[in-house]
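Participant: Quick one: the structure is below, questions incoming.
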Amino acid sequence: MSQSLNIKQQALAEASSYAARGNQAGLKNALVKGLDNGVTVNEFKEILVQVYAYCGFPRSLNALNTLMQTVEERGNKDELGKLPNPMPKGNAVEYGTKNQTKLVGSEVKGALFEFAPAIDTYLKSHLFGDIFARDNVDWQTRELATVAMLASRKGVENQLNAHIAIAKHNGLTDEQIDEILEIASHTGNDDLLFGFGKENTAYAKYFTGKSYLQPITATNGVPMFNVTFEPKCRNNWHIHHKGGQILLVTQGRGWYQEWGKEPRELKPGDVVNIPAETKHWHGAAKDSWFTHIAVEVPSDGGSTEWLEAVADEEYNKLK
Ligand code: MN
């Protein structure tokens, strides 16, 4: 069954992602959207407290401060919502272990937890005990928030993949997960080094999906453009005649392919040297915004020849 996120879930994912990135202006917009659409103050409080487990106390404290200020600015009129029921009786490690097993769908163990038992104890007692035992936010919502937080951080792919599986185990659909990843990727556009720019309408006919263009240098003989692609957006097959092109990847996940060759996955820091006279395309992955700087290699009488679109059938094979 395919099902997209409702507006409350969108606002919670956006807030989680902005909080993880430490972007207070973006967080405030997400909080306002959520509060206007039925997310309660206590639901946001729970999620922003949970931020500390995945992003540390500083991010959580700053986010909670933004929530406090936002609620004050709105005249303290927003619905507070439910508080959690009293915590379960007994030992936090015990009920945390039960929660963890139920949440994940099987007992969690491994060499790392034998190597460093303290972290296993903290995960069980504190994260899955103290935090997940607070029952005024359901586990599906907590997992939605966790996926959004982890997808907004670098170097936590293992944990992100684990929580995507846990989120599915708790009822989120593939389509909803893709939407959370897309939201978490989009929040990064606010921090683009060279700006987001304007919708690329002039070349829209050579693109599938929307792209955004920010000229960096347009007039000094080495034209450079910051190009941002929405998820699934890519340009048509094309050829740079005489001068080639260099792509400097700055944000998100995307693809580059030369005619007759395997597609190459792109991530920030990757550099693509596109020789002149080479048929190719570039664009975003299906679940990620993607930004590169396109440097046009100067040449005498260079031009770009635009060809057919990349077939959905081919594009949809990419992960
Ligand atoms: Mn190109």
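Just so we're on the same page: first chain in the structure tokens is A, next is B, and so on; residues restart at 1 for each chain, and ligands are numbered from 1 in the order they show up.
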Go through segment 5-79 of chain A and flag each residue having an atom no more than 10 Å from segment 133-153 of chain A; for those, report the closest pair of atoms plus their distance in Å to one decimal, using only C-alpha atoms, ordered by chain and rising number, as JSON lines.

Facilitator:
{"residue": "A:Gln9", "atom": "CA", "partner": "A:Thr141", "partner_atom": "CA", "distance": 7.6}
{"residue": "A:Gln10", "atom": "CA", "partner": "A:Leu144", "partner_atom": "CA", "distance": 9.5}
{"residue": "A:Leu12", "atom": "CA", "partner": "A:Ala145", "partner_atom": "CA", "distance": 6.6}
{"residue": "A:Ala13", "atom": "CA", "partner": "A:Ala148", "partner_atom": "CA", "distance": 5.5}
{"residue": "A:Glu14", "atom": "CA", "partner": "A:Ala148", "partner_atom": "CA", "distance": 7.5}
{"residue": "A:Ala15", "atom": "CA", "partner": "A:Ala145", "partner_atom": "CA", "distance": 8.4}
{"residue": "A:Ser16", "atom": "CA", "partner": "A:Met149", "partner_atom": "CA", "distance": 5.5}
{"residue": "A:Ser17", "atom": "CA", "partner": "A:Met149", "partner_atom": "CA", "distance": 4.9}
{"residue": "A:Tyr18", "atom": "CA", "partner": "A:Ser152", "partner_atom": "CA", "distance": 8.0}
{"residue": "A:Ala19", "atom": "CA", "partner": "A:Met149", "partner_atom": "CA", "distance": 7.7}
{"residue": "A:Ala20", "atom": "CA", "partner": "A:Met149", "partner_atom": "CA", "distance": 5.3}
{"residue": "A:Arg21", "atom": "CA", "partner": "A:Ser152", "partner_atom": "CA", "distance": 6.4}
{"residue": "A:Asn42", "atom": "CA", "partner": "A:Asn136", "partner_atom": "CA", "distance": 8.0}
{"residue": "A:Glu43", "atom": "CA", "partner": "A:Val137", "partner_atom": "CA", "distance": 6.2}
{"residue": "A:Phe44", "atom": "CA", "partner": "A:Val137", "partner_atom": "CA", "distance": 9.2}
{"residue": "A:Lys45", "atom": "CA", "partner": "A:Val137", "partner_atom": "CA", "distance": 10.0}
{"residue": "A:Glu46", "atom": "CA", "partner": "A:Val137", "partner_atom": "CA", "distance": 7.1}
{"residue": "A:Ile47", "atom": "CA", "partner": "A:Ala145", "partner_atom": "CA", "distance": 6.9}
{"residue": "A:Leu48", "atom": "CA", "partner": "A:Ala145", "partner_atom": "CA", "distance": 9.2}
{"residue": "A:Gln50", "atom": "CA", "partner": "A:Arg142", "partner_atom": "CA", "distance": 8.0}
{"residue": "A:Val51", "atom": "CA", "partner": "A:Met149", "partner_atom": "CA", "distance": 7.4}
{"residue": "A:Ala53", "atom": "CA", "partner": "A:Thr146", "partner_atom": "CA", "distance": 9.3}
{"residue": "A:Tyr54", "atom": "CA", "partner": "A:Met149", "partner_atom": "CA", "distance": 7.2}
{"residue": "A:Cys55", "atom": "CA", "partner": "A:Met149", "partner_atom": "CA", "distance": 7.7}

Participant: List the spatial neighbours of Lys232 of chain A as a ChimeraX atom specification - criterion: any atom at most 8 Å away, only C-alpha atoms, same-chain residues fewer than 4 positions off excluded.

Facilitator: /A:208-209,283-288

Participant: Using N, CA, C and O atoms, can you write the selected residues to a file as an mmCIF file, in the first residue's frame?

Facilitator:
data_model
loop_
_atom_site.group_PDB
_atom_site.id
_atom_site.type_symbol
_atom_site.label_atom_id
_atom_site.label_comp_id
_atom_site.auth_asym_id
_atom_site.auth_seq_id
_atom_site.Cartn_x
_atom_site.Cartn_y
_atom_site.Cartn_z
ATOM 1 N N THR A 208 14.356 16.675 -16.903
ATOM 2 C CA THR A 208 13.196 15.989 -16.343
ATOM 3 C C THR A 208 13.146 16.408 -14.880
ATOM 4 O O THR A 208 14.098 16.168 -14.145
ATOM 5 N N GLY A 209 12.063 17.072 -14.451
ATOM 6 C CA GLY A 209 11.982 17.582 -13.078
ATOM 7 C C GLY A 209 12.552 18.981 -12.978
ATOM 8 O O GLY A 209 13.047 19.542 -13.957
ATOM 9 N N GLY A 283 22.482 14.217 -12.711
ATOM 10 C CA GLY A 283 21.278 14.606 -11.976
ATOM 11 C C GLY A 283 21.206 13.957 -10.606
ATOM 12 O O GLY A 283 22.162 13.333 -10.147
ATOM 13 N N ALA A 284 20.044 14.147 -9.959
ATOM 14 C CA ALA A 284 19.858 13.726 -8.567
ATOM 15 C C ALA A 284 19.486 12.251 -8.473
ATOM 16 O O ALA A 284 18.986 11.662 -9.431
ATOM 17 N N ALA A 285 19.701 11.684 -7.293
ATOM 18 C CA ALA A 285 19.167 10.358 -6.964
ATOM 19 C C ALA A 285 17.669 10.495 -6.689
ATOM 20 O O ALA A 285 17.160 11.606 -6.519
ATOM 21 N N LYS A 286 16.981 9.374 -6.608
ATOM 22 C CA LYS A 286 15.516 9.434 -6.500
ATOM 23 C C LYS A 286 15.032 10.033 -5.172
ATOM 24 O O LYS A 286 13.962 10.629 -5.127
ATOM 25 N N ASP A 287 15.840 9.873 -4.122
ATOM 26 C CA ASP A 287 15.380 10.323 -2.808
ATOM 27 C C ASP A 287 16.232 11.459 -2.236
ATOM 28 O O ASP A 287 16.191 11.725 -1.052
ATOM 29 N N SER A 288 17.007 12.118 -3.099
ATOM 30 C CA SER A 288 17.909 13.147 -2.561
ATOM 31 C C SER A 288 17.970 14.376 -3.469
ATOM 32 O O SER A 288 18.028 14.250 -4.690
#

Participant: Compile a residue-level contact table for chain A against ligand 1 at a cut-off of 10 Å, reporting for every qualifying residue the shortest atom pair and its distance in Å to one decimal, with only C-alpha atoms and all ligand atoms counted, rows ordered by chain and ascending number, as a Markdown table.

Facilitator:
| residue | atom | partner | partner_atom_place_in_ligand_line | distance |
| --- | --- | --- | --- | --- |
| A:Asn235 | CA | ligand 1 | 1 (Mn) | 8.1 |
| A:Asn236 | CA | ligand 1 | 1 (Mn) | 9.1 |
| A:Trp237 | CA | ligand 1 | 1 (Mn) | 8.3 |
| A:His238 | CA | ligand 1 | 1 (Mn) | 6.5 |
| A:Ile239 | CA | ligand 1 | 1 (Mn) | 6.8 |
| A:His240 | CA | ligand 1 | 1 (Mn) | 6.6 |
| A:Gly244 | CA | ligand 1 | 1 (Mn) | 8.0 |
| A:Gln245 | CA | ligand 1 | 1 (Mn) | 6.1 |
| A:Ile246 | CA | ligand 1 | 1 (Mn) | 8.0 |
| A:Leu247 | CA | ligand 1 | 1 (Mn) | 8.0 |
| A:Tyr256 | CA | ligand 1 | 1 (Mn) | 9.0 |
| A:Gln257 | CA | ligand 1 | 1 (Mn) | 9.9 |
| A:Glu258 | CA | ligand 1 | 1 (Mn) | 9.9 |
| A:Val272 | CA | ligand 1 | 1 (Mn) | 9.7 |
| A:Asn273 | CA | ligand 1 | 1 (Mn) | 9.7 |
| A:Ile274 | CA | ligand 1 | 1 (Mn) | 7.1 |
| A:Pro275 | CA | ligand 1 | 1 (Mn) | 9.6 |
| A:Ala276 | CA | ligand 1 | 1 (Mn) | 9.6 |
| A:Thr278 | CA | ligand 1 | 1 (Mn) | 9.0 |
| A:Lys279 | CA | ligand 1 | 1 (Mn) | 8.5 |
| A:His280 | CA | ligand 1 | 1 (Mn) | 6.6 |
| A:Trp281 | CA | ligand 1 | 1 (Mn) | 6.1 |
| A:His282 | CA | ligand 1 | 1 (Mn) | 6.6 |
| A:Gly283 | CA | ligand 1 | 1 (Mn) | 9.7 |
| A:Ala294 | CA | ligand 1 | 1 (Mn) | 7.7 |
| A:Val295 | CA | ligand 1 | 1 (Mn) | 9.3 |
| A:Glu296 | CA | ligand 1 | 1 (Mn) | 8.7 |
| A:Thr304 | CA | ligand 1 | 1 (Mn) | 8.2 |
| A:Glu305 | CA | ligand 1 | 1 (Mn) | 9.8 |
| A:Trp306 | CA | ligand 1 | 1 (Mn) | 9.6 |

Participant: Considering only C-alpha atoms, state which residue in the set A:Glu175, A:Glu157, A:Glu114, A:Glu79 is at the smallest distance from Leu5 of chain A.

Facilitator: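 Counting only C-alpha atoms, the residue closest to Leu5 of chain A is A:Glu175.
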
Participant: Just list the residues in segment 66-280 of chain A DSSP gives strand (DSSP E) on the backbone, as number ranges by chain.

Facilitator: A: 198-199, 207-208, 211-217, 224-229, 234-235, 238-241, 245-252, 254-258, 264-266, 271-274, 280

Participant: Measuring between only C-alpha atoms, which one of A:Pro298, A:Pro268, A:Tyr203, A:Gly81 shows the shortest distance to Gly243 of chain A?

Facilitator: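 Smallest distance to Gly243 of chain A is found for A:Pro298.
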
Participant: Let me make sure I understand: among A:Gly221, A:Gly155, A:Gly188, A:Pro263, which one has the smallest atom-to-atom distance to Thr291 of chain A if we use only C-alpha atoms?

Facilitator: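 Among the listed residues, the smallest separation from Thr291 of chain A belongs to A:Gly188.
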
Participant: Counting only C-alpha atoms, which residue out of A:Lys205, A:His292, A:His186, A:Lys267 sits closest to Pro231 of chain A?

Facilitator: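 Nearest to Pro231 of chain A: A:His186.
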
Participant: Within 10 Å of segment 92-108 of chain A, counting only C-alpha atoms, which residues show up once you throw out same-chain ones fewer than 4 positions away? Write them as a list of chain:residue names, please.

Facilitator: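 Near neighbours after the sequence-gap exclusion: A:Met87, A:Pro88, A:Phe113, A:Asp120, A:Thr121, A:Tyr122, A:Leu123, A:Lys124, A:Ser125, A:His126, A:Leu127, A:Phe128, A:Gly129, A:Asp130, A:Ile131, A:Phe132, A:Ala133, A:Trp139, A:Gln140, A:Glu143, A:Ala162, A:His163, A:Ala165, A:Ile166, A:Ala167, A:Lys168, A:His169, A:Asn170.
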
Participant: Please write the residues from the selection above to a file, keeping N, CA and C atoms, as a PDB file, in the first residue's frame.

Facilitator:
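Below is the file that was written, selection-v6.pdb:
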ATOM      1  N   MET A  87       6.261   6.521  34.404  1.00  0.00           N
ATOM      2  CA  MET A  87       7.210   5.554  33.850  1.00  0.00           C
ATOM      3  C   MET A  87       6.923   4.159  34.416  1.00  0.00           C
ATOM      4  N   PRO A  88       7.255   3.116  33.634  1.00  0.00           N
ATOM      5  CA  PRO A  88       7.064   1.755  34.153  1.00  0.00           C
ATOM      6  C   PRO A  88       7.853   1.561  35.447  1.00  0.00           C
ATOM      7  N   PHE A 113      28.798  -4.608  21.434  1.00  0.00           N
ATOM      8  CA  PHE A 113      28.197  -4.458  22.761  1.00  0.00           C
ATOM      9  C   PHE A 113      28.927  -5.313  23.802  1.00  0.00           C
ATOM     10  N   ASP A 120      25.924  -0.396  25.557  1.00  0.00           N
ATOM     11  CA  ASP A 120      24.727  -1.244  25.484  1.00  0.00           C
ATOM     12  C   ASP A 120      23.777  -0.915  26.628  1.00  0.00           C
ATOM     13  N   THR A 121      24.358  -0.743  27.818  1.00  0.00           N
ATOM     14  CA  THR A 121      23.550  -0.390  28.989  1.00  0.00           C
ATOM     15  C   THR A 121      22.875   0.968  28.800  1.00  0.00           C
ATOM     16  N   TYR A 122      23.626   1.937  28.292  1.00  0.00           N
ATOM     17  CA  TYR A 122      23.047   3.275  28.101  1.00  0.00           C
ATOM     18  C   TYR A 122      21.946   3.261  27.046  1.00  0.00           C
ATOM     19  N   LEU A 123      22.196   2.539  25.960  1.00  0.00           N
ATOM     20  CA  LEU A 123      21.167   2.443  24.913  1.00  0.00           C
ATOM     21  C   LEU A 123      19.886   1.844  25.489  1.00  0.00           C
ATOM     22  N   LYS A 124      20.050   0.757  26.231  1.00  0.00           N
ATOM     23  CA  LYS A 124      18.865   0.055  26.735  1.00  0.00           C
ATOM     24  C   LYS A 124      18.169   0.847  27.826  1.00  0.00           C
ATOM     25  N   SER A 125      18.941   1.308  28.817  1.00  0.00           N
ATOM     26  CA  SER A 125      18.313   1.948  29.973  1.00  0.00           C
ATOM     27  C   SER A 125      17.820   3.337  29.597  1.00  0.00           C
ATOM     28  N   HIS A 126      18.622   4.013  28.844  1.00  0.00           N
ATOM     29  CA  HIS A 126      18.320   5.413  28.680  1.00  0.00           C
ATOM     30  C   HIS A 126      17.510   5.714  27.434  1.00  0.00           C
ATOM     31  N   LEU A 127      18.070   5.343  26.254  1.00  0.00           N
ATOM     32  CA  LEU A 127      17.352   5.656  25.015  1.00  0.00           C
ATOM     33  C   LEU A 127      16.058   4.851  24.918  1.00  0.00           C
ATOM     34  N   PHE A 128      16.180   3.496  25.011  1.00  0.00           N
ATOM     35  CA  PHE A 128      14.976   2.675  24.824  1.00  0.00           C
ATOM     36  C   PHE A 128      14.188   2.516  26.124  1.00  0.00           C
ATOM     37  N   GLY A 129      14.835   2.775  27.239  1.00  0.00           N
ATOM     38  CA  GLY A 129      14.117   2.789  28.503  1.00  0.00           C
ATOM     39  C   GLY A 129      13.500   4.162  28.720  1.00  0.00           C
ATOM     40  N   ASP A 130      14.292   5.096  29.201  1.00  0.00           N
ATOM     41  CA  ASP A 130      13.745   6.391  29.621  1.00  0.00           C
ATOM     42  C   ASP A 130      13.019   7.139  28.497  1.00  0.00           C
ATOM     43  N   ILE A 131      13.647   7.236  27.321  1.00  0.00           N
ATOM     44  CA  ILE A 131      13.026   8.073  26.274  1.00  0.00           C
ATOM     45  C   ILE A 131      11.846   7.347  25.616  1.00  0.00           C
ATOM     46  N   PHE A 132      12.075   6.105  25.162  1.00  0.00           N
ATOM     47  CA  PHE A 132      11.000   5.408  24.450  1.00  0.00           C
ATOM     48  C   PHE A 132       9.867   4.946  25.376  1.00  0.00           C
ATOM     49  N   ALA A 133      10.079   5.004  26.692  1.00  0.00           N
ATOM     50  CA  ALA A 133       8.989   4.673  27.615  1.00  0.00           C
ATOM     51  C   ALA A 133       8.039   5.853  27.796  1.00  0.00           C
ATOM     52  N   TRP A 139       5.774   5.175  18.909  1.00  0.00           N
ATOM     53  CA  TRP A 139       7.096   4.752  18.411  1.00  0.00           C
ATOM     54  C   TRP A 139       7.257   5.026  16.921  1.00  0.00           C
ATOM     55  N   GLN A 140       6.159   4.925  16.191  1.00  0.00           N
ATOM     56  CA  GLN A 140       6.271   5.202  14.759  1.00  0.00           C
ATOM     57  C   GLN A 140       6.720   6.657  14.539  1.00  0.00           C
ATOM     58  N   GLU A 143      10.353   7.036  15.441  1.00  0.00           N
ATOM     59  CA  GLU A 143      11.233   6.510  14.385  1.00  0.00           C
ATOM     60  C   GLU A 143      11.258   7.423  13.171  1.00  0.00           C
ATOM     61  N   ALA A 162      19.753   1.081   9.706  1.00  0.00           N
ATOM     62  CA  ALA A 162      19.110   0.292  10.764  1.00  0.00           C
ATOM     63  C   ALA A 162      17.762   0.910  11.129  1.00  0.00           C
ATOM     64  N   HIS A 163      17.736   2.243  11.252  1.00  0.00           N
ATOM     65  CA  HIS A 163      16.480   2.882  11.673  1.00  0.00           C
ATOM     66  C   HIS A 163      15.441   2.930  10.560  1.00  0.00           C
ATOM     67  N   ALA A 165      14.945   0.377   8.647  1.00  0.00           N
ATOM     68  CA  ALA A 165      14.333  -0.946   8.848  1.00  0.00           C
ATOM     69  C   ALA A 165      13.395  -0.933  10.059  1.00  0.00           C
ATOM     70  N   ILE A 166      13.819  -0.275  11.143  1.00  0.00           N
ATOM     71  CA  ILE A 166      12.981  -0.219  12.353  1.00  0.00           C
ATOM     72  C   ILE A 166      11.706   0.597  12.075  1.00  0.00           C
ATOM     73  N   ALA A 167      11.863   1.678  11.324  1.00  0.00           N
ATOM     74  CA  ALA A 167      10.700   2.516  10.989  1.00  0.00           C
ATOM     75  C   ALA A 167       9.676   1.702  10.194  1.00  0.00           C
ATOM     76  N   LYS A 168      10.169   0.880   9.260  1.00  0.00           N
ATOM     77  CA  LYS A 168       9.249   0.026   8.485  1.00  0.00           C
ATOM     78  C   LYS A 168       8.583  -0.996   9.396  1.00  0.00           C
ATOM     79  N   HIS A 169       9.376  -1.564  10.315  1.00  0.00           N
ATOM     80  CA  HIS A 169       8.822  -2.528  11.273  1.00  0.00           C
ATOM     81  C   HIS A 169       7.708  -1.894  12.102  1.00  0.00           C
ATOM     82  N   ASN A 170       7.766  -0.571  12.257  1.00  0.00           N
ATOM     83  CA  ASN A 170       6.751   0.146  13.040  1.00  0.00           C
ATOM     84  C   ASN A 170       5.708   0.825  12.147  1.00  0.00           C
TER      85      ASN A 170
END

Participant: I need the residues in segment 105-228 of chain A that are alpha helix (DSSP H) according to DSSP; give them as an MDAnalysis selection string.

Facilitator: chainID A and resid 111:115 117:122 139:150 157:169 174:186

Participant: May I have the selected residues written with N, CA and C atoms, as a short mmCIF file (atom, residue, chain, number, x, y, z; two decimals), in the first residue's frame?

Facilitator:
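Once written, result-v2.cif looks like this:
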data_model
loop_
_atom_site.label_atom_id
_atom_site.label_comp_id
_atom_site.auth_asym_id
_atom_site.auth_seq_id
_atom_site.Cartn_x
_atom_site.Cartn_y
_atom_site.Cartn_z
N ALA A 111 29.09 -7.97 18.61
CA ALA A 111 30.44 -7.92 19.16
C ALA A 111 30.74 -6.56 19.82
N LEU A 112 30.21 -5.50 19.21
CA LEU A 112 30.49 -4.16 19.74
C LEU A 112 29.97 -4.02 21.18
N PHE A 113 28.80 -4.61 21.43
CA PHE A 113 28.20 -4.46 22.76
C PHE A 113 28.93 -5.31 23.80
N GLU A 114 29.62 -6.35 23.33
CA GLU A 114 30.46 -7.12 24.26
C GLU A 114 31.78 -6.39 24.48
N PHE A 115 32.25 -5.72 23.44
CA PHE A 115 33.50 -4.95 23.54
C PHE A 115 33.32 -3.75 24.46
N PRO A 117 30.41 -2.79 26.87
CA PRO A 117 29.09 -3.04 27.47
C PRO A 117 28.40 -1.78 27.98
N ALA A 118 29.18 -0.76 28.32
CA ALA A 118 28.57 0.46 28.87
C ALA A 118 27.61 1.08 27.87
N ILE A 119 27.99 1.07 26.58
CA ILE A 119 27.11 1.72 25.59
C ILE A 119 25.84 0.92 25.42
N ASP A 120 25.92 -0.40 25.56
CA ASP A 120 24.73 -1.24 25.48
C ASP A 120 23.78 -0.91 26.63
N THR A 121 24.36 -0.74 27.82
CA THR A 121 23.55 -0.39 28.99
C THR A 121 22.87 0.97 28.80
N TYR A 122 23.63 1.94 28.29
CA TYR A 122 23.05 3.28 28.10
C TYR A 122 21.95 3.26 27.05
N TRP A 139 5.77 5.18 18.91
CA TRP A 139 7.10 4.75 18.41
C TRP A 139 7.26 5.03 16.92
N GLN A 140 6.16 4.93 16.19
CA GLN A 140 6.27 5.20 14.76
C GLN A 140 6.72 6.66 14.54
N THR A 141 6.15 7.57 15.33
CA THR A 141 6.53 8.98 15.21
C THR A 141 7.98 9.18 15.67
N ARG A 142 8.36 8.48 16.74
CA ARG A 142 9.75 8.61 17.20
C ARG A 142 10.73 8.10 16.15
N GLU A 143 10.35 7.04 15.44
CA GLU A 143 11.23 6.51 14.39
C GLU A 143 11.26 7.42 13.17
N LEU A 144 10.12 8.00 12.84
CA LEU A 144 10.08 9.00 11.76
C LEU A 144 11.08 10.11 12.07
N ALA A 145 11.05 10.59 13.32
CA ALA A 145 11.96 11.66 13.73
C ALA A 145 13.42 11.20 13.69
N THR A 146 13.67 9.97 14.13
CA THR A 146 15.04 9.46 14.15
C THR A 146 15.61 9.35 12.74
N VAL A 147 14.80 8.83 11.81
CA VAL A 147 15.27 8.72 10.42
C VAL A 147 15.58 10.12 9.87
N ALA A 148 14.71 11.09 10.15
CA ALA A 148 14.95 12.46 9.67
C ALA A 148 16.23 13.03 10.27
N MET A 149 16.47 12.77 11.55
CA MET A 149 17.69 13.29 12.21
C MET A 149 18.95 12.65 11.60
N LEU A 150 18.94 11.32 11.50
CA LEU A 150 20.13 10.62 11.02
C LEU A 150 20.41 10.94 9.55
N GLU A 157 25.58 6.34 8.20
CA GLU A 157 24.78 5.55 7.25
C GLU A 157 24.31 4.22 7.87
N ASN A 158 25.19 3.57 8.65
CA ASN A 158 24.79 2.29 9.25
C ASN A 158 23.59 2.46 10.17
N GLN A 159 23.65 3.51 11.00
CA GLN A 159 22.55 3.75 11.93
C GLN A 159 21.29 4.17 11.17
N LEU A 160 21.48 4.98 10.12
CA LEU A 160 20.32 5.38 9.30
C LEU A 160 19.64 4.16 8.70
N ASN A 161 20.43 3.27 8.10
CA ASN A 161 19.85 2.08 7.48
C ASN A 161 19.15 1.20 8.52
N ALA A 162 19.75 1.08 9.71
CA ALA A 162 19.11 0.29 10.76
C ALA A 162 17.76 0.91 11.13
N HIS A 163 17.74 2.24 11.25
CA HIS A 163 16.48 2.88 11.67
C HIS A 163 15.44 2.93 10.56
N ILE A 164 15.87 2.90 9.31
CA ILE A 164 14.89 2.77 8.22
C ILE A 164 14.17 1.42 8.36
N ALA A 165 14.95 0.38 8.65
CA ALA A 165 14.33 -0.95 8.85
C ALA A 165 13.40 -0.93 10.06
N ILE A 166 13.82 -0.28 11.14
CA ILE A 166 12.98 -0.22 12.35
C ILE A 166 11.71 0.60 12.08
N ALA A 167 11.86 1.68 11.32
CA ALA A 167 10.70 2.52 10.99
C ALA A 167 9.68 1.70 10.19
N LYS A 168 10.17 0.88 9.26
CA LYS A 168 9.25 0.03 8.49
C LYS A 168 8.58 -1.00 9.40
N HIS A 169 9.38 -1.56 10.32
CA HIS A 169 8.82 -2.53 11.27
C HIS A 169 7.71 -1.89 12.10
N ASP A 174 7.41 2.33 2.47
CA ASP A 174 8.58 2.73 1.66
C ASP A 174 8.42 4.15 1.14
N GLU A 175 7.22 4.45 0.70
CA GLU A 175 6.97 5.78 0.13
C GLU A 175 7.14 6.87 1.20
N GLN A 176 6.66 6.58 2.42
CA GLN A 176 6.82 7.55 3.51
C GLN A 176 8.30 7.73 3.88
N ILE A 177 9.05 6.63 3.88
CA ILE A 177 10.49 6.72 4.18
C ILE A 177 11.18 7.58 3.12
N ASP A 178 10.87 7.33 1.85
CA ASP A 178 11.46 8.14 0.77
C ASP A 178 11.15 9.62 0.99
N GLU A 179 9.93 9.90 1.44
CA GLU A 179 9.53 11.29 1.66
C GLU A 179 10.33 11.90 2.82
N ILE A 180 10.56 11.13 3.87
CA ILE A 180 11.36 11.63 5.00
C ILE A 180 12.79 11.92 4.53
N LEU A 181 13.36 11.01 3.74
CA LEU A 181 14.73 11.21 3.24
C LEU A 181 14.81 12.45 2.36
N GLU A 182 13.76 12.63 1.56
CA GLU A 182 13.70 13.80 0.70
C GLU A 182 13.63 15.09 1.52
N ILE A 183 12.80 15.08 2.54
CA ILE A 183 12.68 16.26 3.43
C ILE A 183 14.04 16.54 4.09
N ALA A 184 14.67 15.49 4.60
CA ALA A 184 15.95 15.67 5.31
C ALA A 184 17.03 16.17 4.36
N SER A 185 16.92 15.81 3.10
CA SER A 185 17.89 16.28 2.11
C SER A 185 17.60 17.74 1.75
N HIS A 186 16.33 18.07 1.62
CA HIS A 186 15.94 19.44 1.22
C HIS A 186 16.36 20.47 2.27
#

Participant: So how far away is atom CA of Lys154 of chain A from atom CA of Gln69 of chain A, in Å?

Facilitator: 28.5 Å
